[in-house]
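Visitor: Pasting model.txt here (compact mmCIF, C-alpha atoms):
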```
# COMPACT_ATOMS: atom_id res chain seq x y z
CA MET A 1 0.00 0.00 0.00
CA PRO A 2 2.03 2.93 -1.24
CA ASP A 3 -0.13 5.86 -0.10
CA ALA A 4 -0.72 4.61 3.45
CA SER A 5 -3.87 6.13 4.88
CA PRO A 6 -4.40 5.59 8.66
CA ILE A 7 -8.19 5.43 8.29
CA GLY A 8 -7.83 3.12 5.29
CA ILE A 9 -5.53 0.73 7.17
CA PHE A 10 -7.91 0.81 10.15
CA ILE A 11 -10.91 -0.09 7.97
CA ALA A 12 -8.93 -2.77 6.09
CA GLY A 13 -7.95 -4.36 9.42
CA LEU A 14 -11.54 -4.37 10.67
CA LEU A 15 -12.74 -5.97 7.43
CA THR A 16 -9.96 -8.59 7.59
CA LEU A 17 -10.90 -9.49 11.17
CA GLY A 18 -14.57 -9.52 10.20
CA ILE A 19 -13.96 -12.12 7.49
CA PHE A 20 -11.70 -14.19 9.75
CA SER A 21 -14.47 -14.23 12.41
CA PHE A 22 -16.15 -16.90 10.24
CA LEU A 23 -13.49 -19.34 11.46
CA TYR A 24 -15.26 -19.27 14.85
CA LYS A 25 -18.73 -19.63 13.34
CA ASP A 26 -21.12 -17.94 10.92
CA ASN A 27 -21.96 -14.61 12.56
CA PRO A 28 -23.50 -11.19 11.74
CA VAL A 29 -20.09 -9.44 11.55
CA TYR A 30 -18.92 -11.88 8.87
CA LYS A 31 -22.20 -11.49 6.99
CA VAL A 32 -21.84 -7.70 6.98
CA CYS A 33 -18.27 -7.97 5.63
CA GLU A 34 -19.43 -10.52 3.06
CA ALA A 35 -22.26 -8.22 1.92
CA ILE A 36 -19.79 -5.32 1.61
CA PHE A 37 -17.47 -7.55 -0.44
CA ILE A 38 -20.28 -8.58 -2.80
CA GLY A 39 -21.51 -5.02 -3.33
CA VAL A 40 -18.06 -3.47 -3.67
CA SER A 41 -16.69 -6.11 -6.04
CA ALA A 42 -19.76 -5.97 -8.33
CA ALA A 43 -19.49 -2.19 -8.56
CA TYR A 44 -15.67 -2.26 -8.89
CA TRP A 45 -15.78 -4.53 -11.94
CA ALA A 46 -18.67 -2.53 -13.39
CA VAL A 47 -16.62 0.69 -13.13
CA GLU A 48 -13.46 -1.03 -14.39
CA TYR A 49 -15.23 -2.43 -17.48
CA PHE A 50 -17.05 0.86 -18.05
CA TYR A 51 -13.71 2.68 -18.20
CA SER A 52 -11.64 0.13 -20.13
CA ALA A 53 -14.23 -1.31 -22.54
CA LEU A 54 -17.06 1.19 -22.84
CA TYR A 55 -15.09 4.43 -22.56
CA ARG A 56 -11.60 3.65 -23.85
CA LYS A 57 -12.46 1.02 -26.44
CA PHE A 58 -15.97 1.99 -27.61
CA TRP A 59 -16.40 5.72 -26.93
CA LEU A 60 -12.90 6.82 -27.91
CA GLY A 61 -13.07 4.45 -30.89
CA VAL A 62 -16.35 5.84 -32.20
CA PHE A 63 -15.68 9.47 -31.19
CA PRO A 64 -11.89 9.91 -31.33
CA PRO A 65 -10.59 13.17 -29.80
CA ALA A 66 -10.42 16.05 -32.28
CA GLY A 67 -6.94 16.52 -33.70
CA SER A 68 -5.78 13.02 -32.77
CA GLY A 69 -5.75 12.01 -36.43
CA VAL A 70 -7.56 8.77 -35.61
CA GLU A 71 -10.52 7.82 -37.79
CA ALA A 72 -13.83 6.90 -36.16
CA ASP A 73 -14.36 3.13 -36.07
CA LEU A 74 -18.08 2.92 -36.75
CA LEU A 75 -18.03 -0.89 -36.75
CA LEU A 76 -17.77 -0.70 -32.94
CA TRP A 77 -21.48 0.19 -32.93
CA GLY A 78 -22.11 -3.49 -33.71
CA GLY A 79 -20.65 -4.48 -30.34
CA ALA A 80 -22.62 -1.74 -28.56
CA ILE A 81 -25.89 -2.88 -30.20
CA LEU A 82 -25.22 -6.50 -29.21
CA GLY A 83 -24.35 -5.34 -25.68
CA ALA A 84 -27.54 -3.30 -25.44
CA LEU A 85 -29.51 -6.36 -26.56
CA MET A 86 -28.01 -8.22 -23.59
CA LEU A 87 -29.73 -5.75 -21.24
CA CYS A 88 -33.07 -6.84 -22.80
CA ARG A 89 -32.86 -9.82 -20.46
CA MET A 90 -34.30 -7.55 -17.78
CA ILE A 91 -37.46 -6.87 -19.84
CA PRO A 92 -39.60 -10.06 -19.84
CA LYS A 93 -41.42 -9.34 -23.14
CA ILE A 94 -38.25 -9.06 -25.20
CA ASN A 95 -35.81 -11.05 -23.10
CA TRP A 96 -35.34 -13.52 -25.98
CA LEU A 97 -33.28 -10.83 -27.73
CA SER A 98 -30.55 -11.33 -25.12
CA ARG A 99 -29.82 -14.69 -26.79
CA TRP A 100 -28.19 -12.88 -29.71
CA PRO A 101 -25.23 -11.41 -27.79
CA LEU A 102 -25.01 -14.64 -25.78
CA ALA A 103 -24.87 -16.62 -29.03
CA PHE A 104 -22.12 -14.29 -30.26
CA ILE A 105 -20.04 -14.73 -27.08
CA VAL A 106 -20.52 -18.53 -27.09
CA GLY A 107 -19.69 -18.84 -30.80
CA ALA A 108 -16.65 -16.56 -30.65
CA THR A 109 -15.32 -18.29 -27.52
CA ALA A 110 -15.88 -21.72 -29.09
CA GLY A 111 -14.01 -20.73 -32.27
CA LEU A 112 -11.18 -19.07 -30.38
CA TYR A 113 -10.71 -21.78 -27.74
CA MET A 114 -11.01 -24.62 -30.25
CA MET A 115 -7.84 -23.48 -31.98
CA LEU A 116 -5.99 -22.14 -28.92
CA PHE A 117 -6.52 -25.25 -26.81
CA PHE A 118 -5.82 -27.61 -29.68
CA VAL A 119 -2.51 -25.90 -30.41
CA SER A 120 -1.30 -25.13 -26.88
CA ASN A 121 -2.82 -27.96 -24.85
CA ALA A 122 -2.80 -30.79 -27.37
CA MET A 123 -0.14 -30.25 -30.07
CA LYS A 124 2.47 -28.49 -27.93
CA GLN A 125 2.06 -30.96 -25.05
CA ILE A 126 2.41 -33.95 -27.39
CA GLU A 127 5.48 -32.30 -28.93
CA SER A 128 7.03 -31.73 -25.47
CA THR A 129 6.38 -35.35 -24.53
CA MET A 130 8.18 -36.69 -27.61
CA GLN A 131 11.71 -36.15 -26.30
CA PRO A 132 14.75 -38.49 -26.17
CA LEU A 133 14.33 -40.92 -23.29
CA ILE A 134 18.03 -41.27 -22.47
CA GLN A 135 19.38 -38.09 -20.90
CA ASP A 136 22.73 -37.00 -19.38
CA SER A 137 21.99 -38.04 -15.79
CA LEU A 138 20.16 -40.98 -14.27
CA LEU A 139 17.60 -38.71 -12.59
CA GLU A 140 16.81 -36.94 -15.86
CA THR A 141 16.54 -40.28 -17.71
CA LEU A 142 14.19 -41.54 -14.99
CA GLY A 143 12.23 -38.30 -15.37
CA SER A 144 11.94 -38.70 -19.15
CA PHE A 145 10.63 -42.25 -18.75
CA THR A 146 8.19 -41.02 -16.06
CA ILE A 147 6.87 -38.29 -18.36
CA ALA A 148 6.47 -40.60 -21.38
CA ILE A 149 4.87 -43.48 -19.46
CA GLY A 150 2.86 -41.14 -17.20
CA THR A 151 1.37 -39.14 -20.09
CA ILE A 152 0.45 -42.23 -22.12
CA THR A 153 -1.05 -44.15 -19.18
CA GLY A 154 -2.87 -41.01 -18.00
CA LEU A 155 -4.44 -40.67 -21.44
CA ILE A 156 -5.34 -44.38 -21.42
CA TYR A 157 -7.19 -43.83 -18.12
CA PHE A 158 -9.25 -41.06 -19.76
CA PHE A 159 -10.16 -43.31 -22.71
CA PHE A 160 -13.52 -44.73 -21.72
CA SER A 161 -14.56 -46.17 -25.10
CA LYS A 162 -12.75 -49.42 -24.27
CA GLU A 163 -13.28 -51.40 -21.09
CA HIS A 164 -10.39 -51.09 -18.62
CA LYS A 165 -9.40 -54.78 -18.62
CA GLY A 166 -6.20 -56.80 -19.19
CA ILE A 167 -3.11 -54.85 -20.35
CA PHE A 168 -5.28 -51.82 -21.08
CA GLY A 169 -6.70 -51.98 -17.54
CA GLY A 170 -3.19 -52.31 -16.09
CA ALA A 171 -2.03 -49.24 -18.02
CA ALA A 172 -5.13 -47.35 -16.83
CA LYS A 173 -4.25 -48.33 -13.25
CA VAL A 174 -0.76 -46.85 -13.66
CA GLY A 175 -2.50 -43.78 -15.15
CA ILE A 176 -4.54 -43.39 -11.97
CA TRP A 177 -1.34 -43.48 -9.89
CA VAL A 178 0.23 -40.76 -12.03
CA LEU A 179 -2.94 -38.68 -11.76
CA MET A 180 -3.02 -39.12 -7.98
CA VAL A 181 0.58 -37.85 -7.79
CA THR A 182 -0.49 -34.88 -9.94
CA PHE A 183 -3.49 -34.15 -7.73
CA GLY A 184 -1.29 -34.43 -4.63
CA ALA A 185 1.24 -32.00 -6.13
CA SER A 186 -1.53 -29.58 -7.17
CA PHE A 187 -3.06 -29.84 -3.69
CA GLY A 188 0.27 -29.15 -1.98
CA TYR A 189 0.93 -26.23 -4.30
CA THR A 190 -2.56 -24.76 -3.69
CA VAL A 191 -2.20 -25.12 0.08
CA MET A 192 1.13 -23.29 -0.03
CA SER A 193 -0.30 -20.45 -2.14
CA ARG A 194 -3.24 -20.06 0.27
CA MET A 195 -0.81 -20.16 3.19
CA SER A 196 1.19 -17.39 1.56
CA LEU A 197 -2.00 -15.29 1.31
CA LEU A 198 -2.78 -16.07 4.96
CA ILE A 199 0.74 -15.05 6.03
CA GLY A 200 0.24 -11.82 4.04
CA ARG A 201 -2.97 -11.04 5.92
CA MET A 202 -1.41 -11.93 9.30
CA ASP A 203 1.60 -9.76 8.49
CA PHE A 204 -0.79 -6.91 7.66
CA LEU A 205 -2.75 -7.39 10.90
CA PHE A 206 0.24 -7.71 13.22
CA ASN A 207 2.47 -5.11 11.55
CA SER A 208 0.69 -2.45 9.48
CA TRP A 209 -2.65 -2.56 11.30
CA ALA A 210 -1.33 -2.94 14.87
CA THR A 211 1.23 -0.14 14.37
CA ASN A 212 -1.40 2.09 12.80
CA PHE A 213 -3.86 1.23 15.60
CA GLY A 214 -1.29 2.26 18.21
CA GLN A 215 -0.66 5.57 16.43
CA MET A 216 -4.37 6.36 15.98
CA PHE A 217 -5.39 5.76 19.60
CA MET B 1 -36.33 -16.30 -35.81
CA LYS B 2 -35.88 -16.75 -32.07
CA ARG B 3 -33.72 -19.83 -32.71
CA GLU B 4 -32.34 -19.49 -36.22
CA ILE B 5 -30.69 -16.08 -35.82
CA PRO B 6 -28.79 -16.99 -32.60
CA LEU B 7 -27.62 -20.23 -34.26
CA LEU B 8 -26.43 -18.27 -37.30
CA ILE B 9 -24.63 -15.73 -35.09
CA THR B 10 -22.93 -18.55 -33.15
CA SER B 11 -21.75 -20.25 -36.34
CA ILE B 12 -20.49 -17.07 -38.01
CA ALA B 13 -18.60 -15.91 -34.89
CA GLY B 14 -17.11 -19.37 -34.33
CA ILE B 15 -16.10 -19.87 -37.98
CA VAL B 16 -14.47 -16.41 -38.16
CA PHE B 17 -12.30 -17.08 -35.06
CA ALA B 18 -11.41 -20.62 -36.14
CA VAL B 19 -10.62 -19.79 -39.79
CA SER B 20 -8.67 -16.61 -38.90
CA PHE B 21 -6.16 -18.92 -37.21
CA PHE B 22 -5.28 -20.28 -40.67
CA ILE B 23 -6.01 -17.10 -42.69
CA PRO B 24 -4.85 -14.24 -40.44
CA HIS B 25 -5.43 -11.56 -43.14
CA TRP B 26 -8.39 -10.10 -45.05
CA PRO B 27 -11.26 -10.93 -44.63
CA PHE B 28 -10.93 -13.27 -41.63
CA GLY B 29 -8.07 -11.47 -39.85
CA ASP B 30 -9.96 -8.15 -40.00
CA ALA B 31 -13.24 -9.80 -38.98
CA GLU B 32 -11.45 -11.39 -36.01
CA ASN B 33 -10.18 -7.97 -34.86
CA ILE B 34 -13.66 -6.46 -35.17
CA PHE B 35 -15.27 -9.39 -33.34
CA GLY B 36 -12.55 -9.19 -30.65
CA ASP B 37 -13.48 -5.54 -30.00
CA TRP B 38 -17.17 -6.48 -29.96
CA MET B 39 -16.45 -9.17 -27.36
CA SER B 40 -14.86 -6.58 -25.03
CA VAL B 41 -17.86 -4.27 -25.38
CA VAL B 42 -20.41 -7.09 -24.94
CA SER B 43 -18.47 -8.36 -21.87
CA ALA B 44 -18.78 -4.89 -20.30
CA PHE B 45 -22.55 -4.95 -20.84
CA ALA B 46 -22.65 -8.48 -19.37
CA ILE B 47 -20.88 -7.26 -16.21
CA TRP B 48 -23.37 -4.41 -15.95
CA LEU B 49 -26.26 -6.83 -16.46
CA GLY B 50 -24.87 -8.93 -13.60
CA MET B 51 -24.66 -5.88 -11.35
CA PHE B 52 -28.21 -4.77 -12.22
CA ASN B 53 -29.43 -8.29 -11.51
CA LEU B 54 -27.69 -8.34 -8.12
CA ALA B 55 -29.21 -4.94 -7.31
CA GLU B 56 -32.69 -6.13 -8.38
CA VAL B 57 -32.51 -9.33 -6.32
CA SER B 58 -31.20 -7.44 -3.28
CA LEU B 59 -33.81 -4.67 -3.65
CA ARG B 60 -36.61 -7.25 -3.89
CA LYS B 61 -35.35 -8.82 -0.68
CA VAL B 62 -35.36 -5.45 1.10
CA ILE B 63 -38.85 -4.49 -0.13
CA ARG B 64 -40.34 -7.87 0.86
CA LYS B 65 -38.33 -7.88 4.08
CA SER B 66 -37.47 -11.51 3.43
CA GLU B 67 -34.75 -13.35 5.37
CA GLY B 68 -31.40 -11.53 5.31
CA TRP B 69 -32.93 -8.26 3.98
CA ASN B 70 -30.62 -6.19 6.18
CA TYR B 71 -27.55 -7.73 4.52
CA ALA B 72 -29.13 -7.13 1.10
CA LEU B 73 -29.42 -3.46 2.11
CA ILE B 74 -25.67 -3.42 2.88
CA VAL B 75 -25.00 -4.98 -0.54
CA ILE B 76 -26.96 -2.17 -2.23
CA GLY B 77 -25.36 0.52 -0.06
CA SER B 78 -21.78 -0.64 -0.64
CA MET B 79 -22.48 -1.06 -4.35
CA LEU B 80 -23.84 2.50 -4.63
CA LEU B 81 -20.92 3.90 -2.61
CA MET B 82 -18.39 2.14 -4.85
CA LEU B 83 -20.22 3.31 -7.99
CA VAL B 84 -20.27 6.95 -6.82
CA ILE B 85 -16.58 6.88 -5.83
CA GLY B 86 -15.63 4.91 -8.94
CA PHE B 87 -17.42 7.20 -11.38
CA SER B 88 -16.03 10.33 -9.71
CA SER B 89 -12.53 8.86 -10.23
CA VAL B 90 -13.35 7.98 -13.84
CA TYR B 91 -14.78 11.49 -14.42
CA HIS B 92 -11.60 12.99 -12.98
CA ALA B 93 -9.44 10.68 -15.12
CA ILE B 94 -11.31 11.61 -18.32
CA ASN B 95 -11.10 15.35 -17.61
CA THR B 96 -7.43 15.37 -16.62
CA ASP B 97 -6.34 12.60 -19.05
CA THR B 98 -4.78 10.57 -16.23
CA PRO B 99 -5.20 6.87 -15.31
CA HIS B 100 -8.40 6.20 -13.36
CA MET B 101 -6.52 4.14 -10.75
CA ASP B 102 -3.85 6.75 -9.97
CA PRO B 103 -2.71 6.91 -6.32
CA GLY B 104 -4.87 9.46 -4.53
CA THR B 105 -8.06 8.68 -6.45
CA GLY B 106 -11.08 7.40 -4.56
CA LEU B 107 -11.24 4.24 -6.68
CA LYS B 108 -7.63 3.36 -5.81
CA TRP B 109 -8.34 4.00 -2.13
CA MET B 110 -11.39 1.74 -2.18
CA TYR B 111 -9.40 -0.91 -4.07
CA ASP B 112 -6.47 -0.80 -1.62
CA TYR B 113 -8.37 -0.60 1.65
CA VAL B 114 -11.71 -2.34 1.01
CA PHE B 115 -11.77 -4.55 -2.11
CA SER B 116 -8.22 -5.93 -1.92
CA PRO B 117 -8.20 -6.83 1.85
CA LEU B 118 -11.64 -8.46 1.59
CA SER B 119 -10.69 -10.43 -1.51
CA ALA B 120 -7.29 -11.56 -0.13
CA THR B 121 -8.81 -12.58 3.23
CA MET B 122 -11.59 -14.54 1.53
CA PHE B 123 -8.98 -16.56 -0.39
CA ALA B 124 -6.69 -16.82 2.66
CA MET B 125 -9.59 -18.44 4.55
CA LEU B 126 -9.43 -21.29 2.05
CA ALA B 127 -6.17 -22.37 3.75
CA PHE B 128 -8.21 -23.37 6.82
CA PHE B 129 -10.93 -25.08 4.80
CA VAL B 130 -8.36 -26.97 2.74
CA ALA B 131 -6.65 -28.06 5.96
CA SER B 132 -9.90 -29.33 7.48
CA ALA B 133 -10.92 -31.04 4.22
CA SER B 134 -7.54 -32.74 3.93
CA TYR B 135 -7.80 -33.96 7.52
CA ARG B 136 -10.96 -35.83 6.52
CA ALA B 137 -9.90 -36.90 3.03
CA PHE B 138 -6.21 -37.71 3.53
CA ARG B 139 -6.37 -41.13 5.03
CA ALA B 140 -3.98 -43.66 3.57
CA ARG B 141 -6.73 -46.22 2.97
CA SER B 142 -5.50 -47.26 -0.47
CA LEU B 143 -2.39 -47.02 -2.63
CA GLU B 144 -3.94 -44.12 -4.61
CA ALA B 145 -4.77 -42.14 -1.44
CA THR B 146 -1.28 -42.82 -0.06
CA LEU B 147 0.33 -41.55 -3.27
CA LEU B 148 -1.73 -38.35 -3.05
CA LEU B 149 -0.86 -37.90 0.63
CA VAL B 150 2.88 -38.53 0.21
CA THR B 151 3.16 -36.26 -2.86
CA ALA B 152 1.29 -33.42 -1.16
CA PHE B 153 3.54 -33.83 1.91
CA PHE B 154 6.76 -33.61 -0.14
CA VAL B 155 5.54 -30.63 -2.19
CA MET B 156 4.44 -28.72 0.93
CA VAL B 157 7.56 -29.52 2.96
CA GLY B 158 9.82 -28.86 -0.03
CA ARG B 159 8.40 -25.36 -0.43
CA VAL B 160 9.25 -24.15 3.10
CA PRO B 161 12.76 -23.84 4.54
CA LEU B 162 11.95 -25.91 7.63
CA LEU B 163 13.03 -29.55 7.41
CA ASP B 164 15.90 -29.12 4.92
CA PRO B 165 18.08 -26.98 7.25
CA ILE B 166 17.41 -29.50 10.07
CA LEU B 167 18.57 -32.42 7.87
CA VAL B 168 21.70 -30.53 6.86
CA TRP B 169 22.36 -29.40 10.45
CA ALA B 170 21.98 -32.98 11.73
CA GLY B 171 24.40 -34.17 9.04
CA ILE B 172 21.86 -36.55 7.45
CA THR B 173 22.19 -34.91 4.02
CA ASP B 174 24.47 -32.22 2.61
CA PHE B 175 21.83 -30.76 0.27
CA ALA B 176 18.19 -29.58 0.42
CA PHE B 177 16.65 -33.07 0.15
CA PHE B 178 12.94 -32.19 0.45
CA SER B 179 13.29 -29.26 -1.91
CA ALA B 180 15.01 -31.49 -4.50
CA VAL B 181 12.29 -34.17 -4.20
CA ALA B 182 9.55 -31.51 -4.52
CA ASP B 183 11.26 -30.09 -7.61
CA TRP B 184 11.58 -33.56 -9.19
CA ILE B 185 7.91 -34.33 -8.49
CA MET B 186 6.80 -30.99 -9.98
CA THR B 187 9.05 -31.39 -13.05
CA TYR B 188 8.34 -35.02 -14.00
CA PRO B 189 5.37 -36.99 -12.58
CA ASN B 190 3.31 -33.84 -12.07
CA ALA B 191 4.09 -32.68 -15.63
CA ALA B 192 3.09 -36.12 -16.97
CA GLY B 193 -0.29 -36.05 -15.20
CA GLN B 194 -0.90 -32.42 -16.13
CA ARG B 195 -0.15 -33.25 -19.77
CA ALA B 196 -2.61 -36.14 -19.80
CA ILE B 197 -5.26 -33.87 -18.27
CA MET B 198 -4.48 -30.96 -20.65
CA ILE B 199 -4.55 -33.14 -23.76
CA GLY B 200 -7.88 -34.60 -22.58
CA ILE B 201 -9.28 -31.11 -21.96
CA ALA B 202 -8.07 -29.89 -25.37
CA LEU B 203 -9.74 -32.79 -27.18
CA GLY B 204 -12.92 -32.24 -25.15
CA ILE B 205 -12.99 -28.49 -25.88
CA THR B 206 -12.30 -29.06 -29.58
CA SER B 207 -15.18 -31.51 -29.93
CA SER B 208 -17.55 -29.35 -27.84
CA SER B 209 -16.62 -26.25 -29.85
CA LEU B 210 -17.26 -28.06 -33.12
CA ARG B 211 -20.67 -29.16 -31.84
CA ILE B 212 -21.49 -25.55 -30.88
CA ILE B 213 -20.27 -24.04 -34.17
CA LEU B 214 -22.10 -26.64 -36.26
CA GLY B 215 -25.31 -26.04 -34.28
CA ILE B 216 -25.53 -29.57 -32.83
CA GLU B 217 -25.16 -28.27 -29.27
CA ARG B 218 -27.93 -25.68 -28.69
CA SER B 219 -28.30 -25.46 -24.91
CA HIS B 220 -26.88 -21.91 -24.83
CA ILE B 221 -29.87 -20.59 -26.80
CA GLY B 222 -32.34 -22.43 -24.62
CA GLY B 223 -32.80 -25.38 -26.97
CA ASP B 224 -32.24 -29.08 -26.57
CA ALA B 225 -28.66 -30.30 -26.59
```
Can you turn what I pasted into structure tokens?
Guide:
Amino acid sequence: MPDASPIGIFIAGLLTLGIFSFLYKDNPVYKVCEAIFIGVSAAYWAVEYFYSALYRKFWLGVFPPAGSGVEADLLLWGGAILGALMLCRMIPKINWLSRWPLAFIVGATAGLYMMLFFVSNAMKQIESTMQPLIQDSLLETLGSFTIAIGTITGLIYFFFSKEHKGIFGGAAKVGIWVLMVTFGASFGYTVMSRMSLLIGRMDFLFNSWATNFGQMF
Amino acid sequence: MKREIPLLITSIAGIVFAVSFFIPHWPFGDAENIFGDWMSVVSAFAIWLGMFNLAEVSLRKVIRKSEGWNYALIVIGSMLLMLVIGFSSVYHAINTDTPHMDPGTGLKWMYDYVFSPLSATMFAMLAFFVASASYRAFRARSLEATLLLVTAFFVMVGRVPLLDPILVWAGITDFAFFSAVADWIMTYPNAAGQRAIMIGIALGITSSSLRIILGIERSHIGGDA
């Protein structure tokens, strides 16, 4: 917090404690803080999108500042019309019109993600897996074998069109083990990231907030 | 018209984005840029629709005095306060041609001292819930559960400088053993599992996207799948 404000730090501390009070049990203080969080975050994102998308992208695109030498991009009106149709969802008689912008978002996302995921998640991952198995050190060689066998058996586990029996079933079993190791690693990593956030909040409470509290009163 | 036009819009938007990957110049490259801008604008309207909906639901609760109406009132109040402060900052930014989140603006103050602490604490609380969930779930009842437990243990211990200095100090190892094991797990078996999952997701998304673009999957326009 670069521009430290004593009142701001005081309020932030109270809100932090209010949220943490849920660890004891669900209580009115937590519910108040939760309600503030819901209201503030909805309005924050509304303001943020208003500024970045509606003002900077749409408004300045359609009505560029005089003398900037930028031509008006009238095609942006298409996005604004689709966006306005989305608000029709709030009017029961014409709420079916809101399907048009929704259809646009779904279609565009489908087209975009189909290519992006196929290239980055499928092709690139297959390419990275096809590496020489024998490496310079024993650990790296073991690692290369683990990656090759782990990826193939993991994929076999996800292949449900054939019954998991015999050799195929055995490979699927190894796939489950690899996936369990992955889930364990992801779990451990997530716990550590949450712990780091918790340490951050505790550091704030015991350093910034406590010091500020002492100075204020 | 209520069904055909949305299906047509879905197909056109999907085909433009998919084909522009192979033909990144006129007409598909330009159409992709235009549609990309439209997506930003439509997303902003969607966020506003969400906020209006939240306000409507909360207001209805307050008017009917249904359960939790007092908290709904706080939701509306904090939303209005943030909107007033936010728009005054945006108005100031537009008039002075400065960033809307400059230090000293009301929006930045609200972000630093209200939104950010609340958001960080909410996510920090997950540490406790994850701990209590793992206490119940992490029982080495089977080989699979044991693998999960042991891997999570090594990754967690390897990420904090706690046991490694003790091992070195006691003369058991002369290097950071737990850290090395955690690194090996993250680099090899974890990468293998992640790859299997990612390839599976990519194939799933590709087939779902094709179904959507070709109009076979219609649930997003309220039709049968």
Visitor: Figure out the distance between CA of Phe17 in chain B and CA of Asp73 in chain A, please, to one decimal in Å.
Guide: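 Computing it gives 20.3 Å between the two atoms.
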Visitor: Rank B:Ile166, B:Ala133, B:Ala176, B:Ile9 by their smallest atom-to-atom distance to chain A, using all atoms listed in the file, and report the top residue only.
Guide: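 Closest to chain A, using all atoms listed in the file: B:Ile9.
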Visitor: Would you list the contacts of Thr105 in chain B as a list in words, taking every protein, DNA or RNA residue within 12 Å and counting all atoms listed in the file, but skipping same-chain residues closer than 2 positions in sequence?
Guide: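 Using all atoms listed in the file, the neighbours found are Asp3 of chain A; Ile85, Gly86, Phe87, Ser88, Ser89, Val90, Tyr91, His92, Ala93, Thr98, Pro99, His100, Met101, Asp102, Pro103, Leu107, Lys108, Trp109, Met110, Tyr111 and Asp112 of chain B.
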Visitor: Using only C-alpha atoms, please write the residues we just selected to a file, as a short mmCIF file (atom, residue, chain, number, x, y, z; two decimals), in the coordinates of the input.
Guide:
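Output file again-v5.cif follows:
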```cif
data_model
loop_
_atom_site.label_atom_id
_atom_site.label_comp_id
_atom_site.auth_asym_id
_atom_site.auth_seq_id
_atom_site.Cartn_x
_atom_site.Cartn_y
_atom_site.Cartn_z
CA ASP A 3 -0.13 5.86 -0.10
CA ILE B 85 -16.58 6.88 -5.83
CA GLY B 86 -15.63 4.91 -8.94
CA PHE B 87 -17.42 7.20 -11.38
CA SER B 88 -16.03 10.33 -9.71
CA SER B 89 -12.53 8.86 -10.23
CA VAL B 90 -13.35 7.98 -13.84
CA TYR B 91 -14.78 11.49 -14.42
CA HIS B 92 -11.60 12.99 -12.98
CA ALA B 93 -9.44 10.68 -15.12
CA THR B 98 -4.78 10.57 -16.23
CA PRO B 99 -5.20 6.87 -15.31
CA HIS B 100 -8.40 6.20 -13.36
CA MET B 101 -6.52 4.14 -10.75
CA ASP B 102 -3.85 6.75 -9.97
CA PRO B 103 -2.71 6.91 -6.32
CA LEU B 107 -11.24 4.24 -6.68
CA LYS B 108 -7.63 3.36 -5.81
CA TRP B 109 -8.34 4.00 -2.13
CA MET B 110 -11.39 1.74 -2.18
CA TYR B 111 -9.40 -0.91 -4.07
CA ASP B 112 -6.47 -0.80 -1.62
#
```
Visitor: For CA of Gly200 in chain A and CA of Met82 in chain B, determine how far apart the two atoms are, in Å to one decimal place.
Guide: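 Going from CA of Gly200 in chain A over to CA of Met82 in chain B covers 24.9 Å.
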Visitor: Skip Ile36 in chain A itself and residues of its chain fewer than 4 positions away, then list as a PyMOL selection string all residues within 9 Å of it, counting all atoms listed in the file.
Guide: (chain A and resi 31-32+40-41) or (chain B and resi 71+74-79+114-115+118)
Visitor: Work out how far CA of Ser142 in chain B is from CA of Gly150 in chain A, in Å to one decimal.
Guide: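 Between CA of Gly150 in chain A and CA of Ser142 in chain B the gap works out to 19.7 Å.
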Visitor: Measuring atom to atom with all atoms listed in the file, identify which of B:Lys65, B:Ser219, B:Ser134, B:Met125 is nearest to Ser21 in chain A.
Guide: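 Nearest candidate to Ser21 in chain A out of B:Lys65, B:Ser219, B:Ser134, B:Met125: B:Met125.
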Visitor: Neighbouring residues of Ala180 in chain B were defined as those with any atom within 12 Å, considering all atoms listed in the file; residues of the same chain fewer than 6 positions away were excluded. Please report them as JSON, numbers by chain.
Guide: {"A": [139], "B": [154, 155, 157, 158, 159, 164, 173, 174, 186, 187]}
Visitor: Write out as a PyMOL selection string the residues lying within 10 Å of Leu15 in chain A, counting only C-alpha atoms and excluding same-chain residues fewer than 3 positions away.
Guide: (chain A and resi 9-12+18-21+29-30+32-34+36-37) or (chain B and resi 113-115+117-118+121)
Visitor: Let me know the centre plus edge lengths, in Å and rounded to one decimal, of a box with edges along x, y and z that contains all listed atoms of range 159-165 of chain A and is padded by 6 Å on every side, as AutoDock Vina command-line options.
Guide:
```
--center_x -12.0 --center_y -49.0 --center_z -21.9 --size_x 17.2 --size_y 23.5 --size_z 18.5
```
Visitor: Of the residues B:Glu32, B:Ser11, B:Trp169, B:Met51, which is the one nearest to Arg211 in chain B, using only C-alpha atoms?
Guide: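 Nearest to Arg211 in chain B: B:Ser11.
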Visitor: Point out the residue among B:Leu73, B:Leu7, B:Val16, B:Ala46 with the least atom-to-atom distance to Gly39 in chain A, counting only C-alpha atoms.
Guide: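 Looking only at the distances to Gly39 in chain A, the closest residue turns out to be B:Leu73.
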Visitor: Compile the contact shell of Gln131 in chain A as an mmCIF file with C-alpha atoms, in the coordinates of the input: residues with an atom at most 10 Å away, counting only C-alpha atoms, same-chain residues fewer than 4 positions apart removed.
Guide:
```cif
data_model
loop_
_atom_site.group_PDB
_atom_site.id
_atom_site.type_symbol
_atom_site.label_atom_id
_atom_site.label_comp_id
_atom_site.auth_asym_id
_atom_site.auth_seq_id
_atom_site.Cartn_x
_atom_site.Cartn_y
_atom_site.Cartn_z
ATOM 1 C CA ILE A 126 2.410 -33.950 -27.390
ATOM 2 C CA GLU A 127 5.480 -32.300 -28.930
ATOM 3 C CA GLN A 135 19.380 -38.090 -20.900
ATOM 4 C CA SER A 144 11.940 -38.700 -19.150
ATOM 5 C CA PHE A 145 10.630 -42.250 -18.750
ATOM 6 C CA ILE A 147 6.870 -38.290 -18.360
ATOM 7 C CA ALA A 148 6.470 -40.600 -21.380
#
```
